[in-house]
$ cat run26.pdb   # PDB, C-alpha atoms
ATOM      1  CA  MET E   1       2.667  15.652   4.717
ATOM      2  CA  ILE E   2       1.049  12.464   5.881
ATOM      3  CA  GLY E   3       0.799   8.862   4.765
ATOM      4  CA  ASN E   4      -1.422   6.227   6.328
ATOM      5  CA  ASP E   5      -2.340   2.591   5.866
ATOM      6  CA  VAL E   6      -4.973   0.285   7.323
ATOM      7  CA  VAL E   7      -4.754  -3.498   7.130
ATOM      8  CA  CYS E   8      -7.815  -5.626   7.803
ATOM      9  CA  LEU E   9      -6.418  -8.619   9.693
ATOM     10  CA  ALA E  10      -9.138 -11.059   8.646
ATOM     11  CA  THR E  11      -8.357 -10.372   4.998
ATOM     12  CA  ALA E  12      -4.588 -10.066   5.339
ATOM     13  CA  ASN E  13      -4.143 -13.250   7.346
ATOM     14  CA  LYS E  14      -5.746 -15.371   4.616
ATOM     15  CA  SER E  15      -2.361 -15.805   2.953
ATOM     16  CA  ASN E  16      -0.751 -19.021   4.181
ATOM     17  CA  ARG E  17       2.758 -17.895   3.341
ATOM     18  CA  LEU E  18       3.077 -15.024   5.774
ATOM     19  CA  LEU E  19       5.594 -16.424   8.212
ATOM     20  CA  THR E  20       7.571 -18.380   5.626
ATOM     21  CA  THR E  21      11.191 -17.426   5.022
ATOM     22  CA  ARG E  22      10.494 -16.673   1.362
ATOM     23  CA  PHE E  23       7.763 -14.165   2.216
ATOM     24  CA  LEU E  24       9.609 -12.571   5.123
ATOM     25  CA  ASN E  25      12.851 -12.190   3.161
ATOM     26  CA  LYS E  26      11.101 -10.304   0.385
ATOM     27  CA  VAL E  27       9.734  -7.658   2.734
ATOM     28  CA  PHE E  28      11.567  -7.454   6.044
ATOM     29  CA  THR E  29      15.145  -6.872   7.220
ATOM     30  CA  SER E  30      16.578  -9.347   9.717
ATOM     31  CA  GLU E  31      15.942  -6.959  12.616
ATOM     32  CA  GLU E  32      12.314  -6.537  11.533
ATOM     33  CA  GLN E  33      11.959 -10.313  11.164
ATOM     34  CA  ALA E  34      13.224 -10.710  14.720
ATOM     35  CA  LEU E  35      10.487  -8.342  15.969
ATOM     36  CA  ILE E  36       7.944 -10.523  14.172
ATOM     37  CA  THR E  37       9.156 -13.963  15.134
ATOM     38  CA  GLU E  38       9.881 -13.038  18.764
ATOM     39  CA  SER E  39       6.396 -11.652  19.307
ATOM     40  CA  HIS E  40       3.467 -13.512  20.864
ATOM     41  CA  GLN E  41       1.396 -12.174  17.982
ATOM     42  CA  PRO E  42       3.695 -12.459  14.975
ATOM     43  CA  ASN E  43       0.989 -11.881  12.371
ATOM     44  CA  THR E  44      -0.082  -8.637  13.989
ATOM     45  CA  VAL E  45       3.498  -7.383  14.286
ATOM     46  CA  LEU E  46       4.105  -8.381  10.659
ATOM     47  CA  TRP E  47       1.149  -6.304   9.484
ATOM     48  CA  GLN E  48       2.073  -3.388  11.762
ATOM     49  CA  LEU E  49       5.505  -3.261  10.173
ATOM     50  CA  TRP E  50       3.905  -3.573   6.739
ATOM     51  CA  ALA E  51       1.484  -0.707   7.462
ATOM     52  CA  VAL E  52       4.362   1.427   8.784
ATOM     53  CA  LYS E  53       6.346   0.784   5.583
ATOM     54  CA  GLU E  54       3.328   1.542   3.410
ATOM     55  CA  SER E  55       2.643   4.811   5.267
ATOM     56  CA  ALA E  56       6.268   5.901   4.902
ATOM     57  CA  TYR E  57       6.197   4.884   1.236
ATOM     58  CA  LYS E  58       3.227   7.212   0.643
ATOM     59  CA  LEU E  59       5.293  10.073   2.120
ATOM     60  CA  TRP E  60       8.231   9.048  -0.067
ATOM     61  CA  ILE E  61       6.003   9.292  -3.153
ATOM     62  CA  GLN E  62       4.662  12.695  -2.026
ATOM     63  CA  GLN E  63       8.301  13.872  -2.087
ATOM     64  CA  GLY E  64       8.215  13.283  -5.837
ATOM     65  CA  ASN E  65      10.018   9.946  -5.945
ATOM     66  CA  VAL E  66       9.270   7.415  -8.656
ATOM     67  CA  ARG E  67       6.952   4.508  -7.781
ATOM     68  CA  SER E  68       8.759   1.305  -6.991
ATOM     69  CA  PHE E  69       8.037  -1.907  -5.102
ATOM     70  CA  MET E  70      10.804  -2.135  -2.510
ATOM     71  CA  PRO E  71       9.359  -2.845   0.958
ATOM     72  CA  LYS E  72      12.687  -4.140   2.257
ATOM     73  CA  HIS E  73      14.347  -0.785   1.539
ATOM     74  CA  LEU E  74      11.928   1.010   3.868
ATOM     75  CA  VAL E  75      13.853   0.122   7.008
ATOM     76  CA  CYS E  76      11.945   0.355  10.288
ATOM     77  CA  ASN E  77      13.675   1.033  13.580
ATOM     78  CA  LYS E  78      11.482   0.611  16.633
ATOM     79  CA  ARG E  79      12.042   3.455  19.090
ATOM     80  CA  GLY E  80       9.690   3.066  22.039
ATOM     81  CA  ASN E  81       6.155   3.473  20.721
ATOM     82  CA  GLN E  82       7.221   4.812  17.369
ATOM     83  CA  PHE E  83       9.160   3.704  14.330
ATOM     84  CA  LEU E  84      11.854   5.617  12.526
ATOM     85  CA  VAL E  85      11.590   4.629   8.867
ATOM     86  CA  THR E  86      14.518   5.269   6.586
ATOM     87  CA  ILE E  87      14.941   4.912   2.847
ATOM     88  CA  LYS E  88      18.064   6.206   1.119
ATOM     89  CA  ASN E  89      18.537   9.656   2.691
ATOM     90  CA  PHE E  90      14.895  10.152   3.600
ATOM     91  CA  SER E  91      13.472   9.365   7.005
ATOM     92  CA  CYS E  92      10.231   9.904   8.876
ATOM     93  CA  TRP E  93       8.521   8.932  12.104
ATOM     94  CA  ALA E  94       5.596   6.575  12.103
ATOM     95  CA  GLN E  95       3.115   5.321  14.677
ATOM     96  CA  SER E  96       0.987   2.274  14.575
ATOM     97  CA  ASN E  97      -1.796   0.704  16.602
ATOM     98  CA  ALA E  98      -3.472  -2.659  16.440
ATOM     99  CA  THR E  99      -6.856  -3.996  17.449
ATOM    100  CA  MET E 100      -8.163  -7.538  17.076
ATOM    101  CA  ASN E 101      -9.578  -6.571  13.718
ATOM    102  CA  TYR E 102      -7.127  -4.222  12.066
ATOM    103  CA  VAL E 103      -3.751  -2.629  12.138
ATOM    104  CA  TYR E 104      -3.309   1.061  11.399
ATOM    105  CA  ALA E 105      -0.239   3.203  10.819
ATOM    106  CA  GLU E 106       0.526   6.800   9.934
ATOM    107  CA  ALA E 107       3.772   8.505   9.005
ATOM    108  CA  THR E 108       4.372  12.258   9.065
ATOM    109  CA  LEU E 109       7.107  14.827   8.611
ATOM    110  CA  THR E 110       5.523  17.245  11.041
ATOM    111  CA  ASN E 111       4.892  17.572  14.777
ATOM    112  CA  LYS E 112       1.423  18.953  14.172
ATOM    113  CA  THR E 113      -1.565  17.035  15.454
ATOM    114  CA  VAL E 114      -2.952  14.473  13.087
ATOM    115  CA  ASN E 115      -6.686  14.075  12.841
ATOM    116  CA  SER E 116      -7.414  10.512  11.828
ATOM    117  CA  GLU E 117     -10.034   7.839  12.077
ATOM    118  CA  CYS E 118     -10.219   4.140  11.346
ATOM    119  CA  PHE E 119     -13.655   2.586  10.802
ATOM    120  CA  LYS E 120     -15.547  -0.434   9.567
ATOM    121  CA  LEU E 121     -16.862  -0.298   6.017
ATOM    122  CA  SER E 122     -20.259  -1.560   4.974
ATOM    123  CA  SER E 123     -19.263  -2.671   1.479
ATOM    124  CA  LEU E 124     -16.475  -4.892   0.200
ATOM    125  CA  ASN E 125     -16.716  -3.374  -3.275
ATOM    126  CA  TYR E 126     -13.512  -1.455  -4.048
ATOM    127  CA  ASN E 127     -15.181   1.624  -5.566
ATOM    128  CA  ASN E 128     -17.728   1.861  -2.771
ATOM    129  CA  GLN E 129     -14.934   1.636  -0.222
ATOM    130  CA  SER E 130     -12.964   4.456  -1.849
ATOM    131  CA  LYS E 131     -16.062   6.627  -1.868
ATOM    132  CA  ALA E 132     -16.927   5.794   1.739
ATOM    133  CA  VAL E 133     -13.483   6.818   2.988
ATOM    134  CA  ALA E 134     -13.518  10.009   0.891
ATOM    135  CA  LEU E 135     -16.966  10.829   2.259
ATOM    136  CA  ALA E 136     -15.873  10.304   5.859
ATOM    137  CA  LEU E 137     -12.828  12.508   5.319
ATOM    138  CA  LYS E 138     -14.919  15.300   3.759
ATOM    139  CA  GLN E 139     -17.413  15.148   6.623
ATOM    140  CA  GLN E 140     -14.559  15.483   9.100
ATOM    141  CA  VAL E 141     -13.010  18.400   7.214
ATOM    142  CA  SER E 142     -16.410  20.081   7.113
ATOM    143  CA  ALA E 143     -16.826  19.684  10.875
ATOM    144  CA  LEU E 144     -13.239  20.594  11.780
ATOM    145  CA  TYR E 145     -12.984  23.753   9.706
ATOM    146  CA  GLN E 146     -16.674  24.758   9.509
ATOM    147  CA  LEU E 147     -16.745  24.404   5.742
ATOM    148  CA  ASN E 148     -19.641  23.665   3.404
ATOM    149  CA  PHE E 149     -19.471  19.908   2.795
ATOM    150  CA  GLU E 150     -20.728  20.204  -0.790
ATOM    151  CA  LYS E 151     -17.800  22.415  -1.794
ATOM    152  CA  ILE E 152     -15.057  20.170  -0.427
ATOM    153  CA  GLN E 153     -13.205  18.211  -3.113
ATOM    154  CA  ILE E 154     -10.460  15.620  -3.160
ATOM    155  CA  LYS E 155      -8.311  15.809  -6.255
ATOM    156  CA  LYS E 156      -5.380  13.681  -7.348
ATOM    157  CA  SER E 157      -2.158  15.483  -8.189
ATOM    158  CA  ASN E 158       0.057  14.548 -11.110
ATOM    159  CA  LEU E 159       1.866  12.243  -8.659
ATOM    160  CA  ASN E 160      -1.485  10.496  -8.130
ATOM    161  CA  THR E 161      -1.540  11.684  -4.481
ATOM    162  CA  PRO E 162      -4.769  13.092  -2.961
ATOM    163  CA  HIS E 163      -5.188  16.767  -2.068
ATOM    164  CA  LEU E 164      -7.963  18.753  -0.410
ATOM    165  CA  TYR E 165      -9.668  21.572  -2.237
ATOM    166  CA  TYR E 166     -12.430  23.930  -1.161
ATOM    167  CA  LYS E 167     -14.316  25.766  -3.892
ATOM    168  CA  ASN E 168     -11.468  24.776  -6.222
ATOM    169  CA  GLN E 169      -8.794  26.338  -3.994
ATOM    170  CA  LYS E 170      -6.223  24.041  -2.456
ATOM    171  CA  LEU E 171      -6.516  23.853   1.331
ATOM    172  CA  PRO E 172      -3.376  24.098   3.518
ATOM    173  CA  ALA E 173      -3.681  20.519   4.726
ATOM    174  CA  SER E 174      -2.255  17.132   3.806
ATOM    175  CA  ILE E 175      -4.422  14.056   3.639
ATOM    176  CA  SER E 176      -4.073  10.325   3.231
ATOM    177  CA  LEU E 177      -6.742   7.693   2.648
ATOM    178  CA  SER E 178      -6.588   3.930   2.899
ATOM    179  CA  HIS E 179      -8.941   0.959   2.792
ATOM    180  CA  HIS E 180      -8.462  -2.779   2.974
ATOM    181  CA  GLY E 181     -10.833  -5.661   3.642
ATOM    182  CA  TYR E 182     -13.530  -4.446   6.040
ATOM    183  CA  TYR E 183     -11.761  -1.279   7.170
ATOM    184  CA  GLY E 184     -11.080   2.239   5.969
ATOM    185  CA  ALA E 185      -9.107   5.147   7.389
ATOM    186  CA  TYR E 186      -8.309   8.777   6.680
ATOM    187  CA  ALA E 187      -5.746  11.158   8.148
ATOM    188  CA  ILE E 188      -5.572  14.943   7.976
ATOM    189  CA  VAL E 189      -2.794  17.246   9.116
ATOM    190  CA  GLU E 190      -2.415  20.986   8.662
ATOM    191  CA  GLU E 191       0.499  22.107   6.579
TER     192      GLU E 191
ATOM    193  CA  MET O   1       8.462 -18.512 -23.875
ATOM    194  CA  GLY O   2       6.306 -16.223 -26.022
ATOM    195  CA  ASN O   3       4.604 -13.146 -24.585
ATOM    196  CA  THR O   4       1.097 -14.586 -25.005
ATOM    197  CA  ALA O   5       1.926 -17.697 -23.022
ATOM    198  CA  ILE O   6       3.524 -15.593 -20.284
ATOM    199  CA  ILE O   7       0.526 -13.224 -20.182
ATOM    200  CA  ASP O   8      -1.893 -16.150 -19.901
ATOM    201  CA  GLN O   9       0.007 -17.554 -16.966
ATOM    202  CA  LEU O  10       0.351 -14.109 -15.376
ATOM    203  CA  LYS O  11      -3.390 -13.589 -15.660
ATOM    204  CA  SER O  12      -4.162 -16.783 -13.806
ATOM    205  CA  ILE O  13      -1.650 -15.820 -11.113
ATOM    206  CA  ILE O  14      -3.004 -12.310 -10.506
ATOM    207  CA  LYS O  15      -6.722 -13.074 -10.964
ATOM    208  CA  PRO O  16      -7.454 -13.905  -7.291
ATOM    209  CA  TYR O  17      -6.119 -10.510  -6.177
ATOM    210  CA  VAL O  18      -7.744  -8.251  -8.787
ATOM    211  CA  GLN O  19     -10.283  -5.703  -7.533
ATOM    212  CA  ASN O  20     -11.139  -4.167 -10.903
ATOM    213  CA  GLU O  21     -12.655  -6.816 -13.173
ATOM    214  CA  GLU O  22     -13.036  -4.453 -16.117
ATOM    215  CA  ALA O  23      -9.344  -3.612 -16.157
ATOM    216  CA  PHE O  24      -8.534  -7.319 -15.859
ATOM    217  CA  ASP O  25     -10.754  -8.165 -18.843
ATOM    218  CA  ASN O  26      -8.981  -5.452 -20.851
ATOM    219  CA  LEU O  27      -5.535  -6.420 -19.599
ATOM    220  CA  ASN O  28      -2.644  -5.426 -21.838
ATOM    221  CA  GLU O  29       1.059  -4.708 -21.413
ATOM    222  CA  THR O  30       0.512  -1.241 -19.986
ATOM    223  CA  THR O  31      -1.902  -2.441 -17.303
ATOM    224  CA  ASP O  32      -0.663  -1.373 -13.875
ATOM    225  CA  PHE O  33      -1.151  -3.905 -11.050
ATOM    226  CA  ILE O  34      -1.939  -1.361  -8.336
ATOM    227  CA  ASN O  35      -3.402   1.631 -10.216
ATOM    228  CA  ASP O  36      -5.461  -0.264 -12.823
ATOM    229  CA  LEU O  37      -6.181  -3.694 -11.348
ATOM    230  CA  LYS O  38      -6.435  -2.246  -7.821
ATOM    231  CA  ILE O  39      -4.381  -5.093  -6.404
ATOM    232  CA  ASN O  40      -3.452  -4.465  -2.771
ATOM    233  CA  SER O  41       0.294  -3.912  -2.484
ATOM    234  CA  ALA O  42       0.505  -6.595   0.220
ATOM    235  CA  ASN O  43      -0.723  -9.103  -2.379
ATOM    236  CA  LEU O  44       2.117  -8.114  -4.712
ATOM    237  CA  VAL O  45       4.379 -10.224  -2.511
ATOM    238  CA  ASP O  46       2.069 -13.227  -2.987
ATOM    239  CA  ILE O  47       2.047 -12.574  -6.738
ATOM    240  CA  ILE O  48       5.830 -12.354  -6.857
ATOM    241  CA  LEU O  49       6.153 -15.658  -4.988
ATOM    242  CA  ASP O  50       3.560 -17.232  -7.323
ATOM    243  CA  ILE O  51       5.500 -15.963 -10.357
ATOM    244  CA  GLU O  52       8.706 -17.480  -8.981
ATOM    245  CA  ASP O  53       6.971 -20.858  -8.598
ATOM    246  CA  ALA O  54       5.099 -20.781 -11.916
ATOM    247  CA  PHE O  55       8.120 -19.848 -14.031
ATOM    248  CA  ASP O  56      10.718 -21.601 -11.877
ATOM    249  CA  ILE O  57      12.764 -18.428 -11.356
ATOM    250  CA  ARG O  58      14.009 -16.444  -8.378
ATOM    251  CA  LEU O  59      13.321 -12.705  -8.132
ATOM    252  CA  GLU O  60      15.752 -10.475  -6.273
ATOM    253  CA  ASN O  61      14.968  -7.068  -4.740
ATOM    254  CA  GLU O  62      16.104  -5.257  -7.913
ATOM    255  CA  ASP O  63      13.697  -7.368  -9.994
ATOM    256  CA  MET O  64      10.807  -6.712  -7.622
ATOM    257  CA  GLU O  65      11.278  -2.945  -7.758
ATOM    258  CA  GLN O  66      10.014  -2.726 -11.323
ATOM    259  CA  MET O  67       7.217  -5.266 -10.926
ATOM    260  CA  LEU O  68       4.434  -2.687 -11.178
ATOM    261  CA  ASN O  69       2.807  -3.515 -14.519
ATOM    262  CA  VAL O  70       2.283  -6.376 -16.953
ATOM    263  CA  LYS O  71       5.068  -5.361 -19.345
ATOM    264  CA  SER O  72       7.690  -5.226 -16.564
ATOM    265  CA  ALA O  73       6.555  -8.618 -15.288
ATOM    266  CA  ILE O  74       6.914 -10.129 -18.783
ATOM    267  CA  ASP O  75      10.350  -8.557 -19.291
ATOM    268  CA  ILE O  76      11.628  -9.782 -15.927
ATOM    269  CA  VAL O  77      10.305 -13.326 -16.472
ATOM    270  CA  LYS O  78      11.901 -13.510 -19.930
ATOM    271  CA  ALA O  79      15.218 -12.141 -18.640
ATOM    272  CA  LYS O  80      15.296 -14.667 -15.793
ATOM    273  CA  GLN O  81      14.369 -17.564 -18.089
ATOM    274  CA  ALA O  82      17.163 -16.559 -20.452
ATOM    275  CA  GLN O  83      19.636 -16.663 -17.558
ATOM    276  CA  ALA O  84      18.626 -20.188 -16.497
TER     277      ALA O  84
END

$ encode --input "run26.pdb" --output "structure tokens"
Amino acid sequence: MIGNDVVCLATANKSNRLLTTRFLNKVFTSEEQALITESHQPNTVLWQLWAVKESAYKLWIQQGNVRSFMPKHLVCNKRGNQFLVTIKNFSCWAQSNATMNYVYAEATLTNKTVNSECFKLSSLNYNNQSKAVALALKQQVSALYQLNFEKIQIKKSNLNTPHLYYKNQKLPASISLSHHGYYGAYAIVEE
Amino acid sequence: MGNTAIIDQLKSIIKPYVQNEEAFDNLNETTDFINDLKINSANLVDIILDIEDAFDIRLENEDMEQMLNVKSAIDIVKAKQAQA
């Protein structure tokens, strides 16, 4: 299982409330707030933590949990280069990286290698962005597993999570797609 | 405050963050902020803060958890206004 999230910094940093107490208290625990405020790049750390929470939340939903908006409950513990994210009695490991333009995170429940890519999108239209990320993922699946591109499908489950199909058969892989502002990203991991 | 007045104010609050104009034009109580209006979840925090300011209420974590669609937003606003 895999969850990912990309945050376009140019878009995300438009909000002028980001480092206010009201905003921070809605989303981050006091330890997480300390990571943000003590950093030389607080906005970037803020969005890294957000992306980590969002990635873990996608995994949480894939477990069959009911949708809910509770970012503060997805508690992030920084352990070296990774984060251990815990919510109720569920936990997962997440990684994140940041460039000048975007922040990216992925959370998994497996040690298997994740195949992922983060890239600039040519359109700001929401539907076009969704299609562009789906296309990029299908092209990668086609290349990775030597499959006919035309027969690869992405279908939403009854939990509204995406799954890979080939000629209408479910493939033994988990996927996650994300897009925000000028950037999109996909992640694939074998089950 | 009646539902229509609350919906009107909610619409003006969420409008800047909507990425599906059609769903916004057809907005009703069942409209989901993320799935239908395609609002980025990061902007939900902005919306929640805007709702607090517009209706002069304070939303706790438990209130935020349900804030996924128009009906829940209306119910929470009305409940908070009744408490004041």

$ resolve_selection --input "run26.pdb" --expression "the PyMOL selection byres ((chain O) within 7 of (chain E))" --output "VMD selection string"
chain O and resid 19 61 64 to 67

$ write_last_selection --input "run26.pdb" --atoms "C-alpha atoms" --output "PDB file, in the frame of the given file"
ATOM      1  CA  GLN O  19     -10.283  -5.703  -7.533  1.00  0.00           C
ATOM      2  CA  ASN O  61      14.968  -7.068  -4.740  1.00  0.00           C
ATOM      3  CA  MET O  64      10.807  -6.712  -7.622  1.00  0.00           C
ATOM      4  CA  GLU O  65      11.278  -2.945  -7.758  1.00  0.00           C
ATOM      5  CA  GLN O  66      10.014  -2.726 -11.323  1.00  0.00           C
ATOM      6  CA  MET O  67       7.217  -5.266 -10.926  1.00  0.00           C
TER       7      MET O  67
END

$ closest_residue --input "run26.pdb" --among "E:Lys167, E:Pro162, E:Gln41, E:Ser174" --to "E:Leu147" --atoms "only C-alpha atoms"
E:Lys167

$ resolve_selection --input "run26.pdb" --expression "the PyMOL selection byres ((chain O and resi 57) around 9)" --output "number ranges by chain"
O: 51-56, 58-59, 77, 80-81, 84

$ residues_near_point --input "run26.pdb" --point "(-12.2, -7.0, -9.1)" --cutoff "9 Å" --atoms "all atoms listed in the file" --output "number ranges by chain"
E: 125-126; O: 15-24, 37-39

$ atom_distance --input "run26.pdb" --atom1 "atom CA of O:Ile48" --atom2 "atom CA of E:Leu9"
20.9 Å

$ resolve_selection --input "run26.pdb" --expression "the PyMOL selection byres ((chain O and resi 10) around 10)" --output "list in words"
Thr4, Ala5, Ile6, Ile7, Asp8, Gln9, Lys11, Ser12, Ile13, Ile14, Lys15, Ile47, Asp50, Ile51, Ala54, Phe55, Val70, Ala73 and Ile74 of chain O

$ residues_around --input "run26.pdb" --residues "O:Asn69" --least-positions-apart "2" --cutoff "7 Å" --atoms "all atoms listed in the file" --output "list in words"
Thr30, Thr31, Asp32, Phe33, Met67, Lys71, Ser72 and Ala73 of chain O

$ residues_near_point --input "run26.pdb" --point "(5.6, 2.7, 5.5)" --cutoff "6 Å" --atoms "only C-alpha atoms" --output "JSON list (two decimals) with C-alpha atoms, keeping the file's coordinate frame"
[["chain", "number", "residue", "atom", "x", "y", "z"],
["E", 51, "ALA", "CA", 1.48, -0.71, 7.46],
["E", 52, "VAL", "CA", 4.36, 1.43, 8.78],
["E", 53, "LYS", "CA", 6.35, 0.78, 5.58],
["E", 54, "GLU", "CA", 3.33, 1.54, 3.41],
["E", 55, "SER", "CA", 2.64, 4.81, 5.27],
["E", 56, "ALA", "CA", 6.27, 5.90, 4.90],
["E", 57, "TYR", "CA", 6.20, 4.88, 1.24]]

$ atom_distance --input "run26.pdb" --atom1 "atom CA of E:Ile175" --atom2 "atom CA of E:Met1"
7.3 Å

$ atom_distance --input "run26.pdb" --atom1 "atom CA of E:Ala185" --atom2 "atom CA of E:Asp5"
7.4 Å

$ residues_around --input "run26.pdb" --residues "E:Asn43" --least-positions-apart "5" --cutoff "9 Å" --atoms "all atoms listed in the file" --output "count of residues only"
7

$ closest_residue --input "run26.pdb" --among "E:Leu35, E:Cys8, E:Ala98, E:Ala173" --to "E:Asn77" --atoms "only C-alpha atoms"
E:Leu35

$ residues_around --input "run26.pdb" --residues "E:Pro172" --least-positions-apart "5" --cutoff "9 Å" --atoms "only C-alpha atoms" --output "VMD selection string"
chain E and resid 164 to 165 189 to 191

$ residues_around --input "run26.pdb" --residues "E:Leu144" --least-positions-apart "5" --cutoff "10 Å" --atoms "only C-alpha atoms" --output "number ranges by chain"
E: 115, 138-139

$ write_last_selection --input "run26.pdb" --atoms "C-alpha atoms" --output "JSON list (two decimals), in the frame of the given file"
[["chain", "number", "residue", "atom", "x", "y", "z"],
["E", 115, "ASN", "CA", -6.69, 14.08, 12.84],
["E", 138, "LYS", "CA", -14.92, 15.30, 3.76],
["E", 139, "GLN", "CA", -17.41, 15.15, 6.62]]

$ residues_around --input "run26.pdb" --residues "E:Gln82" --least-positions-apart "4" --cutoff "10 Å" --atoms "all atoms listed in the file" --output "PyMOL selection string"
chain E and resi 52+76-78+93-97+107

$ closest_residue --input "run26.pdb" --among "E:Thr108, E:Gln63, E:Thr86, E:Ser116" --to "E:Leu137" --atoms "only C-alpha atoms"
E:Ser116

$ decode --input "run26.pdb" --residues "stretch 131-137 of chain E" --atoms "all heavy atoms" --output "compact mmCIF listing (two decimals), in the first residue's frame"
# COMPACT_ATOMS: atom_id res chain seq x y z
N LYS E 131 -5.52 13.87 -15.54
CA LYS E 131 -5.25 13.00 -16.70
C LYS E 131 -3.75 12.90 -16.95
O LYS E 131 -3.25 11.83 -17.28
CB LYS E 131 -5.94 13.56 -17.94
CG LYS E 131 -7.43 13.37 -17.94
CD LYS E 131 -8.09 13.97 -19.18
CE LYS E 131 -9.60 13.91 -19.02
NZ LYS E 131 -10.30 14.82 -19.93
N ALA E 132 -3.05 14.01 -16.81
CA ALA E 132 -1.60 14.00 -17.07
C ALA E 132 -0.87 13.07 -16.10
O ALA E 132 0.03 12.33 -16.50
CB ALA E 132 -1.04 15.42 -16.95
N VAL E 133 -1.27 13.10 -14.83
CA VAL E 133 -0.61 12.23 -13.85
C VAL E 133 -0.96 10.77 -14.12
O VAL E 133 -0.10 9.89 -14.06
CB VAL E 133 -0.99 12.62 -12.41
CG1 VAL E 133 -0.29 11.72 -11.40
CG2 VAL E 133 -0.60 14.07 -12.13
N ALA E 134 -2.23 10.51 -14.46
CA ALA E 134 -2.64 9.13 -14.77
C ALA E 134 -1.88 8.61 -15.98
O ALA E 134 -1.44 7.47 -16.02
CB ALA E 134 -4.15 9.09 -15.00
N LEU E 135 -1.72 9.49 -16.97
CA LEU E 135 -0.99 9.11 -18.19
C LEU E 135 0.45 8.75 -17.88
O LEU E 135 0.98 7.73 -18.33
CB LEU E 135 -1.04 10.29 -19.17
CG LEU E 135 -0.47 10.04 -20.54
CD1 LEU E 135 -1.44 9.21 -21.35
CD2 LEU E 135 -0.23 11.36 -21.27
N ALA E 136 1.10 9.60 -17.08
CA ALA E 136 2.50 9.37 -16.72
C ALA E 136 2.64 8.06 -15.97
O ALA E 136 3.58 7.28 -16.19
CB ALA E 136 3.03 10.53 -15.89
N LEU E 137 1.70 7.78 -15.07
CA LEU E 137 1.76 6.54 -14.30
C LEU E 137 1.60 5.33 -15.23
O LEU E 137 2.36 4.36 -15.16
CB LEU E 137 0.67 6.53 -13.22
CG LEU E 137 0.70 5.32 -12.28
CD1 LEU E 137 0.23 5.70 -10.89
CD2 LEU E 137 -0.15 4.18 -12.77
